[in-house]
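Undergrad: Contents of run-v5.cif (mmCIF, C-alpha atoms and all ligand atoms):
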data_protein
#
loop_
_atom_site.label_atom_id
_atom_site.label_comp_id
_atom_site.auth_asym_id
_atom_site.auth_seq_id
_atom_site.Cartn_x
_atom_site.Cartn_y
_atom_site.Cartn_z
CA MET A 1 87.99 84.36 80.07
CA MET A 2 87.32 87.80 81.53
CA GLY A 3 89.94 89.19 83.89
CA ARG A 4 89.02 90.14 87.44
CA VAL A 5 89.40 93.88 86.66
CA GLU A 6 88.60 93.69 82.95
CA GLY A 7 88.13 97.11 81.32
CA LYS A 8 89.01 99.09 84.45
CA VAL A 9 91.58 101.90 84.45
CA ALA A 10 94.14 102.01 87.25
CA ILE A 11 96.91 104.28 88.50
CA VAL A 12 99.61 102.64 90.62
CA THR A 13 102.06 105.05 92.25
CA GLY A 14 105.61 103.91 92.97
CA ALA A 15 105.31 101.16 90.39
CA THR A 16 108.93 101.20 89.26
CA LYS A 17 109.86 98.42 91.71
CA GLY A 18 108.66 96.28 94.61
CA LEU A 19 104.99 96.03 95.56
CA GLY A 20 103.83 98.72 93.11
CA ARG A 21 105.45 96.97 90.17
CA ALA A 22 103.99 93.59 91.16
CA SER A 23 100.53 95.14 91.65
CA ALA A 24 100.63 96.95 88.30
CA ILE A 25 101.63 93.76 86.49
CA LEU A 26 98.88 91.71 88.16
CA LEU A 27 96.18 94.35 87.53
CA ALA A 28 97.18 94.47 83.85
CA ARG A 29 97.21 90.67 83.64
CA GLU A 30 93.64 90.71 84.98
CA GLY A 31 92.45 93.15 82.32
CA ALA A 32 93.08 96.68 83.65
CA LYS A 33 94.76 99.45 81.71
CA VAL A 34 97.46 100.72 84.05
CA VAL A 35 99.26 104.03 84.51
CA LEU A 36 102.49 103.41 86.44
CA THR A 37 104.20 106.27 88.26
CA GLY A 38 107.48 106.85 90.04
CA ARG A 39 110.60 108.95 89.79
CA THR A 40 112.89 106.50 87.98
CA GLU A 41 112.02 106.57 84.29
CA ALA A 42 114.19 103.63 83.20
CA GLU A 43 112.62 101.24 85.72
CA GLY A 44 109.13 102.54 84.98
CA GLU A 45 109.55 101.99 81.24
CA GLU A 46 110.95 98.51 81.92
CA ALA A 47 107.85 97.62 83.97
CA VAL A 48 105.63 98.89 81.14
CA ARG A 49 107.55 96.71 78.66
CA ALA A 50 106.99 93.68 80.92
CA ILE A 51 103.22 94.38 80.87
CA VAL A 52 103.07 94.98 77.12
CA ALA A 53 105.08 91.79 76.50
CA GLU A 54 102.28 89.87 78.23
CA GLY A 55 99.67 91.55 76.00
CA GLY A 56 98.62 94.17 78.58
CA GLU A 57 98.12 97.91 78.23
CA ALA A 58 100.17 100.34 80.32
CA VAL A 59 102.02 103.62 80.30
CA PHE A 60 104.60 105.20 82.60
CA VAL A 61 104.23 108.78 83.88
CA LYS A 62 107.10 110.27 85.85
CA GLN A 63 105.82 111.60 89.17
CA ASP A 64 106.89 112.62 92.65
CA VAL A 65 103.77 111.89 94.73
CA ALA A 66 104.73 114.52 97.32
CA ASP A 67 104.56 117.25 94.67
CA ALA A 68 100.99 118.59 94.74
CA ARG A 69 101.41 120.00 91.23
CA SER A 70 101.96 116.51 89.81
CA TRP A 71 98.48 115.20 90.64
CA PRO A 72 96.01 117.17 88.46
CA GLY A 73 98.13 116.48 85.35
CA LEU A 74 98.43 112.76 86.14
CA ILE A 75 94.67 112.38 86.56
CA GLU A 76 93.98 114.42 83.41
CA GLU A 77 96.45 112.39 81.37
CA THR A 78 94.90 109.14 82.60
CA VAL A 79 91.35 110.22 81.81
CA SER A 80 92.25 111.67 78.41
CA ARG A 81 94.19 108.51 77.43
CA TYR A 82 91.86 105.83 78.83
CA GLY A 83 88.54 107.67 79.35
CA ARG A 84 88.12 107.22 83.10
CA LEU A 85 89.75 106.30 86.41
CA ASP A 86 88.46 103.30 88.38
CA ILE A 87 91.36 102.29 90.63
CA LEU A 88 94.07 104.25 92.43
CA VAL A 89 96.76 102.36 94.34
CA ASN A 90 98.58 104.85 96.58
CA ASN A 91 101.64 102.66 96.94
CA ALA A 92 104.69 104.98 96.77
CA GLY A 93 106.43 105.15 100.12
CA ILE A 94 109.77 105.44 101.88
CA ALA A 95 111.16 104.02 105.14
CA ILE A 96 114.05 105.63 107.02
CA ALA A 97 115.65 103.44 109.70
CA ALA A 98 115.83 105.69 112.78
CA ASN A 99 114.31 105.69 116.25
CA VAL A 100 112.62 108.75 117.73
CA GLU A 101 115.86 110.11 119.24
CA GLU A 102 117.86 109.73 116.04
CA THR A 103 115.20 110.99 113.61
CA THR A 104 115.94 114.47 112.29
CA LEU A 105 113.16 116.93 111.53
CA GLU A 106 114.16 116.75 107.85
CA GLN A 107 113.75 112.92 107.85
CA TRP A 108 110.41 113.26 109.64
CA ARG A 109 109.12 115.83 107.15
CA LEU A 110 110.34 113.89 104.11
CA THR A 111 108.61 110.74 105.38
CA MET A 112 105.35 112.63 105.96
CA ALA A 113 105.60 114.34 102.56
CA VAL A 114 105.90 111.10 100.60
CA ASN A 115 103.91 108.64 102.75
CA LEU A 116 101.13 110.89 104.00
CA ASP A 117 100.87 113.98 101.75
CA GLY A 118 101.19 111.66 98.73
CA VAL A 119 98.30 109.48 99.90
CA PHE A 120 96.17 112.49 100.83
CA LEU A 121 96.73 114.19 97.46
CA GLY A 122 96.14 111.02 95.48
CA THR A 123 92.92 110.24 97.33
CA LYS A 124 91.65 113.82 97.01
CA TYR A 125 92.26 114.08 93.26
CA ALA A 126 91.10 110.53 92.49
CA ILE A 127 87.77 111.15 94.22
CA GLY A 128 87.31 114.18 91.96
CA ALA A 129 87.69 112.02 88.83
CA MET A 130 85.94 108.87 90.05
CA LYS A 131 82.77 110.58 91.23
CA LYS A 132 82.18 111.84 87.68
CA THR A 133 82.16 108.31 86.24
CA GLY A 134 80.14 106.37 88.78
CA GLY A 135 82.68 105.35 91.42
CA GLY A 136 85.91 103.46 91.99
CA SER A 137 88.31 101.89 94.44
CA ILE A 138 91.19 103.61 96.24
CA ILE A 139 93.77 101.38 97.91
CA ASN A 140 96.28 102.92 100.30
CA LEU A 141 99.46 101.07 101.29
CA SER A 142 99.78 101.37 105.03
CA SER A 143 101.81 98.75 106.92
CA ILE A 144 101.73 96.63 110.05
CA ASP A 145 103.58 99.73 111.30
CA GLY A 146 100.28 101.57 110.93
CA ASN A 147 98.98 99.31 113.69
CA ILE A 148 101.99 98.69 115.93
CA GLY A 149 105.19 100.53 116.86
CA GLU A 150 108.69 99.54 115.71
CA ALA A 151 111.51 101.30 117.54
CA ASP A 152 113.69 101.84 114.47
CA LEU A 153 110.94 103.25 112.27
CA ALA A 154 109.57 106.20 114.25
CA ALA A 155 108.56 108.53 111.40
CA TYR A 156 107.47 105.61 109.22
CA CYS A 157 105.12 104.33 111.95
CA ALA A 158 103.60 107.79 112.37
CA SER A 159 103.03 108.14 108.63
CA LYS A 160 101.50 104.67 108.24
CA GLY A 161 99.24 105.18 111.27
CA GLY A 162 98.08 108.35 109.54
CA VAL A 163 97.37 106.44 106.33
CA ARG A 164 95.31 103.92 108.30
CA THR A 165 92.84 106.38 109.85
CA PHE A 166 92.90 108.84 106.94
CA THR A 167 91.68 105.95 104.79
CA LYS A 168 88.73 105.39 107.12
CA ALA A 169 87.85 109.12 107.12
CA ALA A 170 87.87 109.17 103.31
CA ALA A 171 85.84 105.93 103.15
CA VAL A 172 83.15 107.30 105.45
CA HIS A 173 83.02 110.57 103.48
CA CYS A 174 82.68 108.80 100.12
CA GLY A 175 80.02 106.47 101.52
CA GLU A 176 77.97 109.28 103.01
CA ALA A 177 78.31 111.35 99.84
CA GLY A 178 76.92 108.44 97.79
CA TYR A 179 79.90 108.40 95.41
CA ASN A 180 80.23 104.60 95.14
CA ILE A 181 83.94 105.05 95.86
CA ARG A 182 85.49 102.54 98.26
CA VAL A 183 88.67 103.39 100.18
CA ASN A 184 90.70 100.70 101.97
CA SER A 185 94.18 100.21 103.36
CA ILE A 186 96.58 97.27 103.09
CA HIS A 187 98.94 96.40 105.94
CA PRO A 188 101.84 94.24 104.77
CA GLY A 189 104.28 92.53 107.06
CA TYR A 190 107.89 92.36 105.82
CA ILE A 191 107.86 91.68 102.10
CA TRP A 192 111.12 91.01 100.23
CA THR A 193 111.44 94.20 98.14
CA PRO A 194 114.17 96.85 97.71
CA GLN A 195 112.65 98.82 100.65
CA THR A 196 112.96 95.84 103.01
CA GLN A 197 116.39 94.89 101.67
CA ASN A 198 117.70 98.43 102.24
CA TYR A 199 116.10 98.72 105.68
CA LEU A 200 117.53 95.41 106.91
CA ALA A 201 120.95 96.25 105.45
CA ASP A 202 120.88 99.53 107.46
CA LEU A 203 120.28 97.57 110.70
CA GLY A 204 123.18 95.16 110.30
CA THR A 205 124.20 92.15 108.21
CA ALA A 206 121.36 91.77 105.70
CA GLU A 207 121.21 87.94 105.88
CA GLU A 208 121.20 87.87 109.68
CA GLU A 209 118.58 90.66 109.85
CA LYS A 210 116.46 88.82 107.27
CA ARG A 211 116.54 85.67 109.40
CA LYS A 212 115.58 87.62 112.53
CA ALA A 213 112.76 89.44 110.70
CA ALA A 214 111.44 86.16 109.27
CA ALA A 215 111.36 84.67 112.77
CA ARG A 216 109.03 87.46 113.93
CA HIS A 217 106.39 86.28 111.42
CA PRO A 218 104.55 83.22 112.84
CA ILE A 219 104.43 81.78 109.32
CA GLY A 220 108.25 81.63 109.52
CA ARG A 221 109.29 83.62 106.46
CA LEU A 222 109.02 87.01 104.76
CA GLY A 223 106.32 87.71 102.20
CA GLU A 224 106.66 88.05 98.42
CA PRO A 225 105.39 90.99 96.33
CA ASP A 226 102.59 88.84 94.86
CA ASP A 227 101.19 88.27 98.37
CA ILE A 228 100.34 91.98 98.45
CA ALA A 229 99.47 92.29 94.75
CA TYR A 230 96.67 89.73 95.19
CA GLY A 231 95.25 91.83 98.06
CA VAL A 232 95.38 94.90 95.80
CA LEU A 233 93.60 92.93 93.06
CA TYR A 234 90.82 91.85 95.44
CA LEU A 235 90.21 95.40 96.70
CA ALA A 236 90.40 96.79 93.14
CA SER A 237 87.88 94.30 91.78
CA ASP A 238 84.10 94.25 92.24
CA GLU A 239 84.56 91.13 94.40
CA SER A 240 85.11 93.56 97.28
CA LYS A 241 82.06 95.72 96.47
CA PHE A 242 80.87 95.77 100.14
CA VAL A 243 84.35 96.47 101.56
CA THR A 244 85.23 100.04 102.50
CA GLY A 245 87.12 101.67 105.37
CA SER A 246 88.71 98.32 106.11
CA GLU A 247 92.31 97.35 106.77
CA LEU A 248 93.53 94.24 105.00
CA VAL A 249 96.42 92.78 107.01
CA ILE A 250 98.73 90.55 104.95
CA ASP A 251 101.56 89.80 107.33
CA GLY A 252 102.13 86.09 107.93
CA GLY A 253 100.57 86.57 111.37
CA TYR A 254 103.01 89.26 112.57
CA ILE A 255 100.46 91.40 114.45
CA ALA A 256 98.24 88.50 115.50
CA GLN A 257 100.61 87.76 118.40
P1 LIG A 301 110.29 99.96 97.40
O1 LIG A 301 110.75 98.66 96.97
O2 LIG A 301 111.25 100.89 98.06
O3 LIG A 301 109.57 100.74 96.22
C1 LIG A 301 109.01 101.99 96.52
C2 LIG A 301 108.39 102.59 95.28
O4 LIG A 301 107.93 103.90 95.63
C3 LIG A 301 109.37 102.71 94.15
O5 LIG A 301 108.72 102.40 92.95
C4 LIG A 301 109.76 104.19 94.20
O6 LIG A 301 110.01 104.60 92.88
C5 LIG A 301 108.47 104.81 94.70
N1 LIG A 301 108.66 106.11 95.34
C6 LIG A 301 109.38 106.44 96.43
N2 LIG A 301 109.29 107.74 96.68
C7 LIG A 301 108.48 108.26 95.71
C8 LIG A 301 107.99 109.56 95.42
N3 LIG A 301 108.33 110.63 96.18
N4 LIG A 301 107.17 109.72 94.36
C9 LIG A 301 106.84 108.68 93.59
N5 LIG A 301 107.27 107.43 93.82
C10 LIG A 301 108.08 107.23 94.87
O7 LIG A 301 109.07 99.78 98.45
P2 LIG A 301 108.04 98.56 98.60
O8 LIG A 301 108.59 97.64 99.59
O9 LIG A 301 107.62 98.08 97.27
O10 LIG A 301 106.84 99.32 99.33
C11 LIG A 301 105.72 99.83 98.64
C12 LIG A 301 104.74 100.39 99.66
O11 LIG A 301 104.37 99.38 100.58
C13 LIG A 301 105.33 101.53 100.49
O12 LIG A 301 104.33 102.47 100.78
C14 LIG A 301 105.77 100.81 101.74
O13 LIG A 301 105.88 101.65 102.83
C15 LIG A 301 104.67 99.79 101.90
N6 LIG A 301 105.06 98.64 102.71
C16 LIG A 301 106.09 97.84 102.33
C17 LIG A 301 106.46 96.76 103.13
C18 LIG A 301 107.56 95.83 102.76
O14 LIG A 301 107.93 95.00 103.60
N7 LIG A 301 108.13 95.87 101.59
C19 LIG A 301 105.77 96.53 104.31
C20 LIG A 301 104.73 97.37 104.68
C21 LIG A 301 104.37 98.41 103.86
P3 LIG A 301 111.11 105.68 92.46
O15 LIG A 301 112.31 105.44 93.31
O16 LIG A 301 111.27 105.38 91.02
O17 LIG A 301 110.44 106.99 92.70
#
What does this structure look like when you write it as structure tokens?
Ligand code: NAP
TA:
Amino acid sequence: MMGRVEGKVAIVTGATKGLGRASAILLAREGAKVVLTGRTEAEGEEAVRAIVAEGGEAVFVKQDVADARSWPGLIEETVSRYGRLDILVNNAGIAIAANVEETTLEQWRLTMAVNLDGVFLGTKYAIGAMKKTGGGSIINLSSIDGNIGEADLAAYCASKGGVRTFTKAAAVHCGEAGYNIRVNSIHPGYIWTPQTQNYLADLGTAEEEKRKAAARHPIGRLGEPDDIAYGVLYLASDESKFVTGSELVIDGGYIAQ
């Protein structure tokens, strides 16, 4: 049986752990060739081995998404290895637990560099490659914190709000230019990944904070990486061919209240 993204070529940034890793594995399982990026080589190579062990095709490229110089080489390597680029998942991101009064300018700038510059650069360079081969799908990881404010995540909220409307600007541009490139954002609630574990541990006792966070989701629990990976898969596949500039909220009802 054909996979849902059979024959497509994908880059997933920040795929060494968490949502990026789960998304890369699912895309490969559904037939895509996947380039995984991140800063931690050992974890990246381990994720590639997990994909190859299932019969998939993948490679790890070490990358800091905030480094503008990293992007042209990554795109070139992808196209020279696999012939094209169809899917970019701008997933890499960081969250620093601090309210507006506590946040230092350095923390603010670091958050913007990774979460916002990284998404801007990825989108810009991916458009350049995708428009040469007939189109593609760009998926930007925003957050429910791109839609609502959380006191302890001031810089994070600002960066994810930026990702949300930047995505729409890029989607409208690509549509008007006739590139056949779709650009969408995903807005997860709390998903049980290293980022969430570290953030909750910073707030207090991890187990108690996990229980409190779960209670804020009407569905009564935190999400799992696959909950987001299936959203990525949908937006990456041709099943979503009329979807662009949209925000896919996957949050157990968190922002429905
Ligand atoms: P995670 O567990 O902390 O993983 C983050 C990934 O990003 C890692 O693979 C990390 O790899 C990579 N990364 C961080 N800084 C990077 C940089 N400068 N360059 C390249 N890669 C970098 O986070 P996650 O929970 O999977 O979150 C993934 C995305 O979803 C993030 O954008 C996050 O904000 C968003 N999100 C998550 C949740 C959630 O509840 N988990 C909710 C809403 C939105 P290295 O350390 O190897 O570089």
Undergrad: Compare A:Ser142, A:Thr103, A:Ser137, A:Thr167 by their minimum atom-to-atom distance to Phe120 of chain A, counting all atoms listed in the file, and give me the closest one.
TA: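 When distances to Phe120 of chain A are compared using all atoms listed in the file, the smallest one comes from A:Thr167.
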Undergrad: Around ligand LIG 301 (chain A), at most 8 Å away and counting only C-alpha atoms and all ligand atoms, which residues are there? Put them as an MDAnalysis selection string, please.
TA: chainID A and resid 13:21 37:41 43:44 62:67 90:95 113:115 118 141:145 156 160 186:196 223 225
Undergrad: Mind giving me the straight-line distance from atom CA of Arg84 of chain A to atom CA of Lys131 of chain A in Å, one decimal?
TA: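 Pair atom CA of Arg84 of chain A / atom CA of Lys131 of chain A returns 10.3 Å.
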Undergrad: What lies within 6 Å of Gly253 of chain A using all atoms listed in the file, ignoring chain neighbours under 3 positions off, as a PDB file with C-alpha atoms, in the coordinates of the input?
TA:
ATOM      1  CA  HIS A 217     106.390  86.280 111.420  1.00  0.00           C
ATOM      2  CA  PRO A 218     104.550  83.220 112.840  1.00  0.00           C
ATOM      3  CA  ALA A 256      98.240  88.500 115.500  1.00  0.00           C
TER       4      ALA A 256
END
Undergrad: Record the distance separating atom CA of Ser246 of chain A and atom CA of Ser185 of chain A, expressed in Å with one decimal.
TA: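 So the answer is 6.4 Å.
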Undergrad: Excluding segment 206-212 of chain A and residues on its chain fewer than 2 positions from it, collect all residues at most 10 Å away from it, counting all atoms listed in the file, and give them as a list in words.
TA: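 Returned residues: Tyr190, Trp192, Thr196, Gln197, Asn198, Tyr199, Leu200, Ala201, Asp202, Leu203, Gly204, Ala214, Ala215, Arg216, His217, Gly220, Arg221 and Leu222 of chain A.
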Undergrad: Have a look at atom CA of Asp226 of chain A and atom CA of Val35 of chain A and let me know their distance in Å, one decimal.
TA: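 So the answer is 18.7 Å.
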Undergrad: Could you give me, as an MDAnalysis selection string, the residues within 7 Å of Asn180 of chain A, counting only C-alpha atoms and dropping anything in the same chain fewer than 2 positions from it?
TA: chainID A and resid 134:136 174:175 178 182
Undergrad: For Val12 of chain A, which of A:Thr205, A:Asn140, A:Ser159, A:Asn99 is the closest residue, counting only C-alpha atoms?
TA: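 Looking at the shortest contact to Val12 of chain A, the residue is A:Asn140.
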Undergrad: Which residues come within 12 Å of Ala58 of chain A, counting all atoms listed in the file, excluding same-chain residues fewer than 5 positions away, as an MDAnalysis selection string?
TA: chainID A and resid 8:12 15 21 24:29 31:37 44:53 78 81:82
Undergrad: Calculated over only C-alpha atoms, which of the candidates A:Arg69, A:Lys132, A:His173, A:Arg164 has the smallest distance to Val249 of chain A?
TA: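 Going through A:Arg69, A:Lys132, A:His173, A:Arg164 one by one, the smallest distance to Val249 of chain A is for A:Arg164.
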Undergrad: Between A:Ile181, A:Ala42, A:Ile250, A:Ala158, which one has atoms that come closest to Asp238 of chain A, using all atoms listed in the file?
TA: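 That would be A:Ile181, the residue with the smallest distance to Asp238 of chain A.
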Undergrad: Step by step: start from the point (92.7, 101.2, 97.1) in the file's coordinates, keep every protein, DNA or RNA residue that has an atom no farther than 6 Å from it, count only C-alpha atoms, and write the set as a list of chain:residue names.
TA: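 Taken together, the residues in range are A:Leu88, A:Val89, A:Ser137, A:Ile138, A:Ile139, A:Asn140, A:Val183, A:Asn184.
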Undergrad: Could I get segment 49-78 of chain A from the block written out with C-alpha atoms, as a PDB file, in the first residue's frame?
TA:
ATOM      1  CA  ARG A  49      18.705   4.430  12.954  1.00  0.00           C
ATOM      2  CA  ALA A  50      15.135   4.037  14.261  1.00  0.00           C
ATOM      3  CA  ILE A  51      13.788   5.071  10.824  1.00  0.00           C
ATOM      4  CA  VAL A  52      16.183   2.849   8.876  1.00  0.00           C
ATOM      5  CA  ALA A  53      15.352  -0.105  11.160  1.00  0.00           C
ATOM      6  CA  GLU A  54      11.728   0.242  10.016  1.00  0.00           C
ATOM      7  CA  GLY A  55      12.817   0.233   6.352  1.00  0.00           C
ATOM      8  CA  GLY A  56      12.657   4.023   5.921  1.00  0.00           C
ATOM      9  CA  GLU A  57      15.143   6.423   4.355  1.00  0.00           C
ATOM     10  CA  ALA A  58      16.646   9.255   6.407  1.00  0.00           C
ATOM     11  CA  VAL A  59      19.787  11.209   7.130  1.00  0.00           C
ATOM     12  CA  PHE A  60      20.849  13.526   9.955  1.00  0.00           C
ATOM     13  CA  VAL A  61      22.388  16.952   9.273  1.00  0.00           C
ATOM     14  CA  LYS A  62      23.727  18.919  12.220  1.00  0.00           C
ATOM     15  CA  GLN A  63      22.170  22.392  12.242  1.00  0.00           C
ATOM     16  CA  ASP A  64      21.479  25.392  14.437  1.00  0.00           C
ATOM     17  CA  VAL A  65      18.313  26.850  12.872  1.00  0.00           C
ATOM     18  CA  ALA A  66      19.146  30.344  14.157  1.00  0.00           C
ATOM     19  CA  ASP A  67      22.364  30.370  12.121  1.00  0.00           C
ATOM     20  CA  ALA A  68      21.483  31.902   8.747  1.00  0.00           C
ATOM     21  CA  ARG A  69      24.573  30.318   7.187  1.00  0.00           C
ATOM     22  CA  SER A  70      23.258  26.822   7.933  1.00  0.00           C
ATOM     23  CA  TRP A  71      20.217  27.059   5.662  1.00  0.00           C
ATOM     24  CA  PRO A  72      21.543  27.259   2.060  1.00  0.00           C
ATOM     25  CA  GLY A  73      23.814  24.246   2.685  1.00  0.00           C
ATOM     26  CA  LEU A  74      21.013  22.200   4.259  1.00  0.00           C
ATOM     27  CA  ILE A  75      18.689  22.824   1.320  1.00  0.00           C
ATOM     28  CA  GLU A  76      21.465  22.101  -1.201  1.00  0.00           C
ATOM     29  CA  GLU A  77      22.413  18.873   0.543  1.00  0.00           C
ATOM     30  CA  THR A  78      18.776  17.751   0.606  1.00  0.00           C
TER      31      THR A  78
END
